[in-house]
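This is input-v7.cif. It holds mmCIF, C-alpha atoms.
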data_coords
loop_
_atom_site.label_atom_id
_atom_site.label_comp_id
_atom_site.auth_asym_id
_atom_site.auth_seq_id
_atom_site.Cartn_x
_atom_site.Cartn_y
_atom_site.Cartn_z
CA MET G 486 116.86 98.17 117.71
CA ASP G 487 114.17 97.35 120.22
CA GLU G 488 115.27 93.94 121.46
CA LYS G 489 112.17 93.71 123.63
CA ALA G 490 109.82 93.93 120.63
CA ALA G 491 107.75 90.77 120.19
CA TRP G 492 108.93 90.40 116.58
CA PHE G 493 112.61 90.43 117.58
CA LYS G 494 114.05 86.89 117.58
CA GLY G 495 117.69 87.57 118.37
CA TRP G 496 120.61 88.22 116.07
CA LYS G 497 121.84 86.46 112.98
CA GLN G 498 125.46 86.58 111.91
CA SER G 499 125.93 87.65 108.32
CA PRO G 500 128.83 88.74 106.09
CA VAL G 501 128.01 92.33 107.04
CA GLY G 502 127.71 91.77 110.77
CA LYS G 503 124.73 90.94 112.92
CA VAL G 504 121.25 91.32 111.51
CA ALA G 505 118.02 91.30 113.52
CA ARG G 506 116.05 88.11 113.03
CA ILE G 507 112.31 88.64 113.00
CA SER G 508 109.38 86.49 113.94
CA THR G 509 106.62 85.69 111.43
CA HIS G 510 104.11 85.40 114.23
CA MET G 511 101.67 88.21 114.96
CA GLY G 512 101.39 88.69 118.69
CA LEU G 513 98.47 90.25 120.54
CA LYS G 514 100.41 93.50 120.85
CA ASP G 515 100.97 93.62 117.07
CA LYS G 516 97.27 93.06 116.45
CA LEU G 517 96.21 95.69 118.99
CA GLY G 518 98.76 98.12 117.54
CA GLY G 519 97.35 97.56 114.06
CA CYS G 520 93.85 98.19 115.37
CA ARG G 521 94.99 101.33 117.15
CA VAL G 522 96.57 102.94 114.09
CA ARG G 523 93.51 102.09 111.99
CA TRP G 524 91.73 104.47 114.36
CA GLY G 525 94.38 107.10 113.72
CA ILE G 526 95.83 106.96 117.22
CA ARG G 527 99.56 107.78 117.26
CA ARG G 528 99.64 106.52 113.67
CA MET G 529 102.54 108.76 112.69
CA HIS G 530 105.01 107.09 115.02
CA TYR G 531 104.31 103.46 114.19
CA SER G 532 107.53 102.32 112.59
CA VAL G 533 110.46 99.93 112.74
CA PRO G 534 114.09 100.93 112.11
CA ALA G 535 115.05 100.99 108.41
CA GLY G 536 117.63 98.41 107.41
CA LEU G 537 118.23 94.73 106.83
CA TYR G 538 116.35 91.94 108.63
CA ALA G 539 116.51 88.16 108.50
CA VAL G 540 113.53 85.83 108.33
CA GLY G 541 114.38 82.23 109.30
CA GLU G 542 117.90 81.16 108.32
CA PRO G 543 118.69 83.02 105.08
CA ASP G 544 121.95 82.55 103.17
CA SER G 545 123.60 84.12 100.17
CA ASP G 546 121.08 82.55 97.77
CA SER G 547 117.98 83.67 99.65
CA PRO G 548 115.55 86.16 98.13
CA VAL G 549 115.54 89.79 99.22
CA LEU G 550 112.20 91.49 99.87
CA VAL G 551 111.96 95.26 100.10
CA THR G 552 109.30 97.02 102.18
CA ALA G 553 108.45 100.24 104.00
CA ASN G 554 109.25 100.82 107.67
CA TYR G 555 105.60 101.39 108.63
CA LYS G 556 105.00 98.81 111.36
CA LEU G 557 101.62 97.81 109.89
CA SER G 558 103.21 97.12 106.46
CA PHE G 559 106.08 95.27 108.17
CA ASP G 560 103.57 93.12 110.12
CA LEU G 561 101.38 92.33 107.12
CA LEU G 562 104.48 91.21 105.24
CA ARG G 563 106.23 89.12 107.88
CA ARG G 564 103.13 87.15 108.83
CA GLU G 565 103.04 85.78 105.26
CA LEU G 566 106.61 84.50 105.48
CA SER G 567 106.42 81.73 108.06
CA GLY G 568 108.67 78.78 107.35
CA ARG G 569 110.74 80.72 104.81
CA ASN G 570 114.34 81.86 104.77
CA LEU G 571 114.85 85.29 103.27
CA TRP G 572 116.19 88.77 103.70
CA LEU G 573 113.99 91.76 104.27
CA LEU G 574 115.12 95.29 103.51
CA ALA G 575 113.02 98.02 105.15
CA LEU G 576 113.35 101.45 103.57
CA GLU G 577 113.11 104.66 105.59
CA THR G 578 109.63 105.85 104.68
CA PHE G 579 109.14 107.58 108.05
CA GLY G 580 106.43 105.19 109.12
CA ILE G 581 104.33 105.62 105.96
CA ASN G 582 102.95 102.68 103.99
CA VAL G 583 104.46 101.58 100.68
CA TRP G 584 101.90 103.11 98.34
CA CYS G 585 101.62 106.53 99.99
CA ALA G 586 105.40 106.65 100.43
CA ALA G 587 105.91 105.75 96.76
CA GLY G 588 103.61 108.65 95.86
CA LYS G 589 105.86 110.95 97.87
CA ARG G 590 109.03 109.26 96.54
CA THR G 591 110.25 108.41 100.05
CA PHE G 592 109.77 104.80 98.98
CA GLY G 593 111.81 105.76 95.97
CA THR G 594 114.82 105.20 93.76
CA SER G 595 117.27 107.26 95.79
CA GLU G 596 116.31 105.78 99.18
CA LEU G 597 116.42 102.26 97.73
CA VAL G 598 119.82 102.83 96.12
CA SER G 599 121.35 104.37 99.23
CA ARG G 600 119.82 101.69 101.50
CA ILE G 601 121.25 98.92 99.31
CA GLN G 602 124.65 100.59 99.56
CA LYS G 603 124.36 101.27 103.29
CA VAL G 604 123.61 97.64 104.20
CA GLN G 605 126.14 96.42 101.59
CA LEU G 606 123.60 94.08 100.05
CA GLU G 607 126.06 92.85 97.42
CA ARG G 608 128.06 91.24 100.26
CA VAL G 609 124.96 89.61 101.76
CA VAL G 610 123.70 87.78 98.67
CA ASN G 611 125.28 86.24 95.54
CA HIS G 612 122.43 87.08 93.23
CA LYS G 613 121.32 90.43 91.84
CA ILE G 614 117.55 90.35 92.31
CA ILE G 615 115.46 92.36 94.74
CA ILE G 616 111.71 91.93 95.09
CA LEU G 617 109.59 95.03 95.54
CA PRO G 618 105.89 95.31 96.21
CA GLN G 619 104.07 96.39 93.04
CA LEU G 620 102.60 99.35 94.92
CA GLY G 621 106.14 100.71 95.34
CA ALA G 622 106.50 101.13 91.56
CA PRO G 623 105.23 104.75 91.40
CA GLY G 624 108.34 105.79 93.37
CA VAL G 625 111.01 103.50 91.93
CA ALA G 626 112.60 103.47 88.48
CA ALA G 627 113.80 99.89 88.13
CA HIS G 628 116.28 100.71 85.35
CA GLU G 629 117.93 103.41 87.44
CA VAL G 630 118.30 101.09 90.43
CA LYS G 631 120.00 98.59 88.10
CA LYS G 632 122.34 101.26 86.77
CA ALA G 633 123.29 102.50 90.23
CA THR G 634 123.60 99.23 92.14
CA GLY G 635 123.53 96.33 89.69
CA PHE G 636 120.42 94.94 91.38
CA ARG G 637 117.47 94.09 89.17
CA VAL G 638 114.04 94.99 90.53
CA ARG G 639 111.31 92.38 90.28
CA TYR G 640 107.89 93.70 91.13
CA GLY G 641 105.91 91.27 93.25
CA PRO G 642 102.16 91.19 93.76
CA VAL G 643 100.09 94.07 95.12
CA ARG G 644 99.17 92.24 98.28
CA ALA G 645 101.48 90.55 100.79
CA GLY G 646 98.99 87.68 100.91
CA ASP G 647 99.93 86.72 97.33
CA LEU G 648 103.67 86.68 98.09
CA PRO G 649 103.95 83.00 99.04
CA GLN G 650 102.46 82.05 95.66
CA PHE G 651 104.78 84.53 93.89
CA LEU G 652 107.85 83.13 95.66
CA ASP G 653 106.86 79.52 94.99
CA ASN G 654 106.05 80.28 91.38
CA GLY G 655 109.56 81.37 90.31
CA LEU G 656 108.87 85.06 90.97
CA LYS G 657 106.00 85.19 88.53
CA ALA G 658 102.97 87.20 89.60
CA THR G 659 99.58 86.11 88.31
CA GLU G 660 97.41 88.66 86.50
CA GLU G 661 94.96 88.43 89.37
CA SER G 662 97.61 89.34 91.97
CA ARG G 663 98.68 92.40 89.93
CA ARG G 664 95.26 94.01 90.11
CA ILE G 665 94.49 96.60 92.76
CA ARG G 666 91.17 95.71 94.38
CA PHE G 667 88.99 97.59 96.80
CA SER G 668 86.90 95.05 98.66
CA LEU G 669 84.17 95.77 101.16
CA TRP G 670 86.62 94.92 103.94
CA ASP G 671 89.33 97.18 102.44
CA ARG G 672 86.87 100.05 102.44
CA LEU G 673 85.52 99.34 105.90
CA VAL G 674 88.91 99.32 107.65
CA LEU G 675 89.64 102.75 106.18
CA THR G 676 86.53 104.41 107.57
CA PRO G 677 87.63 104.86 111.23
CA VAL G 678 90.43 107.22 110.21
CA GLU G 679 87.87 109.25 108.25
CA LEU G 680 85.79 109.67 111.40
CA VAL G 681 88.79 110.53 113.53
CA THR G 682 89.99 113.07 110.96
CA ALA G 683 86.57 114.73 111.00
CA TRP G 684 86.32 114.77 114.77
CA LYS G 685 87.79 118.20 115.54
CA ALA G 686 85.79 120.04 112.90
CA SER G 687 82.72 118.14 114.08
CA LEU G 688 83.13 119.43 117.64
CA VAL G 689 83.15 122.98 116.28
CA VAL G 690 80.01 122.31 114.23
CA LEU G 691 78.20 120.75 117.21
CA LEU G 692 79.21 123.66 119.44
CA LEU G 693 77.90 126.10 116.84
CA ILE G 694 74.59 124.21 116.64
CA PHE G 695 74.38 124.21 120.45
CA LEU G 696 75.03 127.97 120.72
CA LEU G 697 72.64 128.97 117.94
CA SER G 698 69.91 126.67 119.25
CA GLY G 699 70.25 128.17 122.72
CA LEU G 700 69.44 131.67 121.52
CA GLY G 701 65.78 132.56 121.95
CA GLN G 702 63.63 135.62 122.56
CA ASP G 703 64.76 135.72 126.19
CA GLY G 704 68.48 135.30 125.51
CA PHE G 705 70.57 132.13 125.77
CA SER G 706 69.28 129.11 127.68
CA ILE G 707 70.93 125.73 128.06
CA ALA G 708 67.58 123.97 128.18
CA GLY G 709 66.67 125.61 124.89
CA ALA G 710 70.04 124.68 123.40
CA LEU G 711 69.57 121.03 124.34
CA SER G 712 65.97 120.70 123.22
CA ARG G 713 66.22 122.74 120.02
CA GLY G 714 69.76 121.61 119.22
CA PHE G 715 69.11 117.88 119.48
CA THR G 716 67.68 117.29 116.01
CA PRO G 717 70.18 119.50 114.14
CA GLY G 718 73.02 117.84 116.05
CA LEU G 719 71.68 114.40 115.20
CA THR G 720 71.24 115.49 111.58
CA TYR G 721 74.89 116.52 111.39
CA LEU G 722 76.25 113.36 113.05
CA GLY G 723 74.08 111.23 110.79
CA ALA G 724 75.30 113.11 107.71
CA LEU G 725 78.90 112.55 108.84
CA LEU G 726 78.26 108.82 109.28
CA MET G 727 76.50 108.62 105.91
CA GLY G 728 79.41 110.34 104.13
CA ALA G 729 82.39 108.85 105.96
CA VAL G 730 81.15 105.30 106.56
CA VAL G 731 77.95 104.37 104.70
CA THR G 732 78.93 105.85 101.31
CA PRO G 733 82.39 104.21 101.32
CA VAL G 734 80.93 100.85 102.30
CA LEU G 735 78.17 101.01 99.66
CA LEU G 736 80.47 102.70 97.10
CA PRO G 737 80.11 100.32 94.14
CA TRP G 738 76.33 100.11 94.42
CA ILE G 739 75.55 103.83 94.53
CA PRO G 740 74.88 105.29 91.05
CA GLY G 741 77.23 107.88 89.58
CA ARG G 742 81.01 108.22 89.36
CA ALA G 743 81.90 111.30 91.38
CA PHE G 744 82.19 110.48 95.10
CA SER G 745 80.41 113.70 96.08
CA LEU G 746 77.48 112.75 93.86
CA LYS G 747 77.29 109.31 95.45
CA GLY G 748 77.45 110.92 98.89
CA ALA G 749 74.75 113.47 98.06
CA GLN G 750 72.33 110.67 97.22
CA VAL G 751 72.93 108.93 100.53
CA GLY G 752 72.59 112.31 102.28
CA LEU G 753 69.31 112.88 100.51
CA LEU G 754 68.03 109.56 101.83
CA TRP G 755 69.17 110.58 105.32
CA ALA G 756 67.27 113.89 105.01
CA LEU G 757 64.19 112.01 103.78
CA LEU G 758 64.35 109.58 106.68
CA LEU G 759 64.65 112.46 109.14
CA SER G 760 61.86 114.48 107.55
CA LEU G 761 59.53 111.48 107.75
CA THR G 762 60.32 110.78 111.40
CA LEU G 763 61.85 113.38 113.72
CA ALA G 764 61.24 116.47 111.63
CA SER G 765 57.57 115.86 110.89
CA SER G 766 56.60 118.97 112.84
CA TRP G 767 59.29 121.16 111.30
CA SER G 768 58.50 124.46 109.57
CA GLY G 769 58.96 124.85 105.82
CA ALA G 770 62.14 126.85 106.28
CA SER G 771 63.66 124.17 108.50
CA LEU G 772 62.85 121.48 105.96
CA VAL G 773 64.46 123.54 103.21
CA GLY G 774 67.51 123.89 105.45
CA LEU G 775 67.58 120.16 106.15
CA PHE G 776 67.41 119.18 102.48
CA LEU G 777 70.08 121.69 101.50
CA ILE G 778 72.54 120.97 104.30
CA ALA G 779 72.39 117.20 104.90
CA PRO G 780 73.16 116.04 101.31
CA ALA G 781 75.91 118.68 100.97
CA THR G 782 77.54 117.61 104.23
CA THR G 783 77.42 113.95 103.23
CA ALA G 784 78.78 114.83 99.79
CA TYR G 785 81.72 116.61 101.41
CA PHE G 786 82.69 113.65 103.60
CA ALA G 787 82.19 111.22 100.71
CA MET G 788 84.44 113.35 98.53
CA ASN G 789 87.16 113.13 101.16
CA PHE G 790 87.16 109.36 100.75
CA THR G 791 88.70 109.75 97.27
CA GLY G 792 92.11 109.75 98.96
CA CYS G 793 91.45 106.34 100.48
CA SER G 794 90.21 104.80 97.28
CA THR G 795 92.34 102.81 94.88
CA PHE G 796 91.09 104.06 91.54
CA THR G 797 90.70 107.86 91.55
CA SER G 798 93.15 110.01 89.57
CA LEU G 799 94.46 113.46 90.46
CA SER G 800 92.96 114.92 87.28
CA GLY G 801 89.61 113.33 88.09
CA VAL G 802 89.44 114.53 91.69
CA GLN G 803 90.46 118.03 90.59
CA LYS G 804 87.61 118.04 88.09
CA GLU G 805 85.17 116.69 90.66
CA MET G 806 86.20 119.30 93.23
CA ARG G 807 85.98 122.23 90.82
CA ILE G 808 82.27 121.48 90.52
CA ALA G 809 81.43 119.88 93.86
CA VAL G 810 83.12 122.31 96.25
CA PRO G 811 81.24 125.47 95.09
CA VAL G 812 77.95 123.53 95.03
CA ILE G 813 78.54 122.17 98.54
CA ILE G 814 79.43 125.61 99.92
CA LEU G 815 76.47 127.29 98.23
CA SER G 816 74.11 124.57 99.44
CA ILE G 817 75.30 124.74 103.06
CA VAL G 818 75.30 128.55 103.17
CA SER G 819 71.80 128.88 101.70
CA GLY G 820 70.53 126.04 103.90
CA GLY G 821 71.99 127.78 106.94
CA ALA G 822 70.34 131.02 105.90
CA ALA G 823 66.97 129.25 105.56
CA LEU G 824 67.35 127.76 109.04
CA LEU G 825 68.27 131.09 110.64
CA LEU G 826 65.48 132.95 108.86
CA GLY G 827 63.01 130.30 110.00
CA ARG G 828 64.24 130.57 113.59
CA PHE G 829 64.54 134.30 114.07
CA LEU G 830 61.98 135.89 111.77
CA MET U 234 83.64 94.49 91.63
CA GLU U 235 84.79 96.92 88.96
CA PHE U 236 85.18 100.54 90.02
CA ARG U 237 85.06 103.38 87.51
CA TYR U 238 85.89 107.03 88.08
CA LEU U 239 85.36 110.07 85.83
CA LYS U 240 85.68 109.66 82.06
CA ASP U 241 88.15 111.44 79.74
CA VAL U 242 90.24 113.18 82.39
CA VAL U 243 93.57 111.39 82.72
CA THR U 244 96.88 112.68 81.37
CA LEU U 245 98.28 109.30 80.30
CA GLU U 246 100.08 109.38 76.93
CA LEU U 247 101.95 106.76 74.96
CA ASP U 248 104.53 107.38 72.26
CA SER U 249 104.43 104.22 70.15
CA GLU U 250 107.50 105.36 68.20
CA LYS U 251 109.67 105.22 71.31
CA CYS U 252 108.14 102.06 72.83
CA THR U 253 110.33 98.98 72.72
CA GLY U 254 107.60 96.65 73.93
CA CYS U 255 109.49 95.57 77.06
CA GLY U 256 106.18 95.44 78.91
CA LEU U 257 107.41 96.56 82.32
CA CYS U 258 104.68 99.23 82.37
CA THR U 259 102.06 96.50 82.05
CA HIS U 260 103.53 94.73 85.10
CA VAL U 261 103.42 97.75 87.38
CA CYS U 262 99.95 98.92 86.36
CA GLY U 263 97.39 97.93 88.96
CA HIS U 264 94.40 98.45 86.69
CA ALA U 265 95.42 96.70 83.46
CA VAL U 266 95.37 100.01 81.58
CA LEU U 267 98.24 98.97 79.31
CA ALA U 268 98.92 95.79 77.39
CA VAL U 269 101.57 94.52 74.98
CA ASN U 270 100.13 93.90 71.56
CA GLY U 271 102.25 92.84 68.59
CA GLY U 272 105.55 93.88 70.17
CA VAL U 273 104.43 97.34 71.31
CA VAL U 274 102.39 98.59 74.21
CA GLU U 275 98.93 100.00 73.69
CA ILE U 276 96.52 101.82 75.96
CA LEU U 277 93.66 99.40 76.56
CA ASP U 278 91.62 101.24 79.15
CA ARG U 279 92.54 104.91 79.51
CA ASP U 280 89.68 105.71 81.89
CA GLY U 281 90.89 103.00 84.27
CA CYS U 282 94.12 104.96 84.87
CA MET U 283 94.58 106.50 88.33
CA GLU U 284 97.70 108.46 87.35
CA CYS U 285 99.88 106.79 89.98
CA GLY U 286 102.84 107.22 87.62
CA ALA U 287 104.30 103.72 88.03
CA CYS U 288 104.37 103.08 84.26
CA ALA U 289 106.08 106.34 83.35
CA MET U 290 108.54 105.96 86.23
CA ASN U 291 109.57 102.50 85.06
CA CYS U 292 109.69 103.13 81.33
CA PRO U 293 113.38 103.00 80.35
CA VAL U 294 112.79 104.94 77.11
CA LYS U 295 110.21 107.44 78.39
CA ALA U 296 107.57 106.28 75.95
CA VAL U 297 104.82 106.43 78.57
CA THR U 298 104.11 109.76 80.22
CA VAL U 299 101.55 110.86 82.77
CA ARG U 300 101.27 113.70 85.26
CA PRO U 301 101.60 111.63 88.43
CA GLY U 302 99.61 112.46 91.50
CA VAL U 303 97.29 111.17 94.17
CA GLY U 304 93.54 111.39 93.61
CA CYS U 305 92.90 112.68 97.11
CA ALA U 306 90.55 115.56 97.89
CA TRP U 307 92.39 116.30 101.15
CA ALA U 308 95.71 116.72 99.38
CA ILE U 309 94.09 119.02 96.81
CA PHE U 310 92.50 121.12 99.57
CA ASN U 311 95.92 121.45 101.19
CA ASP U 312 97.33 122.58 97.86
CA TRP U 313 94.65 125.24 97.48
CA PHE U 314 95.26 126.55 100.99
CA LYS U 315 99.02 126.56 100.54
CA LYS U 316 98.64 128.66 97.40
CA THR U 317 96.52 131.20 99.21
CA GLY U 318 98.84 131.15 102.21
CA VAL U 319 96.07 130.10 104.59
CA SER U 320 97.71 126.91 105.76
CA GLU U 321 101.34 125.97 106.07
CA HIS U 322 100.75 122.38 106.98
CA GLN U 323 97.66 120.34 107.59
CA THR U 324 97.54 116.70 108.38
CA ALA U 325 96.11 114.75 105.51
CA CYS U 326 95.40 111.04 105.55
CA CYS U 327 98.78 110.09 104.12
CA ASP U 328 101.08 112.57 105.87
#
Turn this file's structure into structure tokens for me.
Amino acid sequence: MDEKAAWFKGWKQSPVGKVARISTHMGLKDKLGGCRVRWGIRRMHYSVPAGLYAVGEPDSDSPVLVTANYKLSFDLLRRELSGRNLWLLALETFGINVWCAAGKRTFGTSELVSRIQKVQLERVVNHKIIILPQLGAPGVAAHEVKKATGFRVRYGPVRAGDLPQFLDNGLKATEESRRIRFSLWDRLVLTPVELVTAWKASLVVLLLIFLLSGLGQDGFSIAGALSRGFTPGLTYLGALLMGAVVTPVLLPWIPGRAFSLKGAQVGLLWALLLSLTLASSWSGASLVGLFLIAPATTAYFAMNFTGCSTFTSLSGVQKEMRIAVPVIILSIVSGGAALLLGRFL
Amino acid sequence: MEFRYLKDVVTLELDSEKCTGCGLCTHVCGHAVLAVNGGVVEILDRDGCMECGACAMNCPVKAVTVRPGVGCAWAIFNDWFKKTGVSEHQTACCD
């Protein structure tokens, strides 16, 4: 236990020994940490120890909330609990959020059962109710938890922000709080990780553009690489931004259902914009290359956003990819061929 | 804002014979795909299903079934590469 952590508020004595008491206040460090992991920086090691925690001054009648040990999940939960007395049970999800961990079953029946037994929850509280986030349900079979431990699972709302209402309302979740939304803000905060994920591959692409642009009749020249490589490089970076940021943000307003199809339309607009401005002096072959490559690149990055979304199914994404991936590859390869032919013939 | 993904693809099935109408599946569904009607559950909005598997997981009598999975292109790519032996492990968004 990191006793220096800002959320650590000393120890509370309980029937099973001392339990860390946590703050419901979000400090600057917590906020900065949240920001950092949203950018994918050291995101895989952002966790708190699994186990039992106390919020306020809980007793044997206090509710028990279950969560993941991802620090960001832990923070989003505890900041909603100010002024309350309750127990918080963090499962070992290896620093992964509730929903993703439930999908992998680390936020799952067996971890929940063994964690309940490990902390001896039946000695901590008199009642037999544990409250789980609704997004944990894909990993947990409530009836099996009951059979193994005697504790009855009550699924709370999707979002921690609706927990106070749920707790005050006799553990009844409203229809509204049971729905999984995907607001503009939800989509926006997920885009930095998309960019960071694409960064390494993007460096390779930019290097390739630089090298190919540098080749001329008189061999390789850096001046040639910079002058001829500028527009293709810009085209690529723009296509990345269109697919990984603009398409996700505008998602509900772009026609079509498949993400790649939505992305291709935005990419087409990007190619149009470029052809009307920077590329006005381009050859026919270069324009063909531009219109084949930019929409395909944007479609690819848009398709990758399916994993961040809250409404795509495995069967659906498989179907989308069976069609989109060959089309994207074919489009990029033939576009590349057009560009090279235009340059070197 | 209502989001819709591809039509007629999901693997969600309901066996009305087995269903006891307890309604737990309707509580865990984030997209109101299922509803209790006249003492048994019915599928209201099949195309809204994202195959998260919460309903099937929590059905005590196994009346609801679905092939659970994550609708994530990255994860599917990783699967493809694993099958062809190209990649042992790649970092996807959720790993």
Might you spell out which residues the PyMOL selection byres ((chain U) within 7 of (chain G)) would select in the displayed file, as a VMD selection string?
-> chain U and resid 236 to 239 242 to 243 261 263 to 264 282 to 287 290 to 291 293 302 to 307 327
Selected residues written out with C-alpha atoms, as a compact mmCIF listing (two decimals), keeping the file's coordinate frame:
# COMPACT_ATOMS: atom_id res chain seq x y z
CA PHE U 236 85.18 100.54 90.02
CA ARG U 237 85.06 103.38 87.51
CA TYR U 238 85.89 107.03 88.08
CA LEU U 239 85.36 110.07 85.83
CA VAL U 242 90.24 113.18 82.39
CA VAL U 243 93.57 111.39 82.72
CA VAL U 261 103.42 97.75 87.38
CA GLY U 263 97.39 97.93 88.96
CA HIS U 264 94.40 98.45 86.69
CA CYS U 282 94.12 104.96 84.87
CA MET U 283 94.58 106.50 88.33
CA GLU U 284 97.70 108.46 87.35
CA CYS U 285 99.88 106.79 89.98
CA GLY U 286 102.84 107.22 87.62
CA ALA U 287 104.30 103.72 88.03
CA MET U 290 108.54 105.96 86.23
CA ASN U 291 109.57 102.50 85.06
CA PRO U 293 113.38 103.00 80.35
CA GLY U 302 99.61 112.46 91.50
CA VAL U 303 97.29 111.17 94.17
CA GLY U 304 93.54 111.39 93.61
CA CYS U 305 92.90 112.68 97.11
CA ALA U 306 90.55 115.56 97.89
CA TRP U 307 92.39 116.30 101.15
CA CYS U 327 98.78 110.09 104.12
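Across the structure, CA of Pro717 in chain G and CA of Val812 in chain G are spaced 21.0 Å apart.
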Return as a tab-separated table (two decimals) with C-alpha atoms, in the coordinates of the input the set of residues that the PyMOL selection byres ((chain G and resi 614) around 6) yields on the displayed structure.
chain	number	residue	atom	x	y	z
G	612	HIS	CA	122.43	87.08	93.23
G	613	LYS	CA	121.32	90.43	91.84
G	615	ILE	CA	115.46	92.36	94.74
G	636	PHE	CA	120.42	94.94	91.38
G	637	ARG	CA	117.47	94.09	89.17
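Between CA of Lys240 in chain U and CA of Pro740 in chain G the interatomic distance comes to 14.7 Å.
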Using the chain letters and numbering of this document, enumerate as an MDAnalysis selection string the residues selected by the PyMOL selection byres ((chain U and resi 271) around 12).
-> chainID U and resid 249 252:256 268:270 272:275
Pick out the residues sitting within 10 Å of Val731 in chain G, and hand them over as number ranges by chain; count only C-alpha atoms, and ignore anything fewer than 6 positions along from it in its own chain.
-> G: 673, 676, 723-725, 748, 751-752, 783, 787
Atomic distance CA of Ala575 in chain G - CA of Val610 in chain G, expressed in Å with one decimal = 16.2 Å
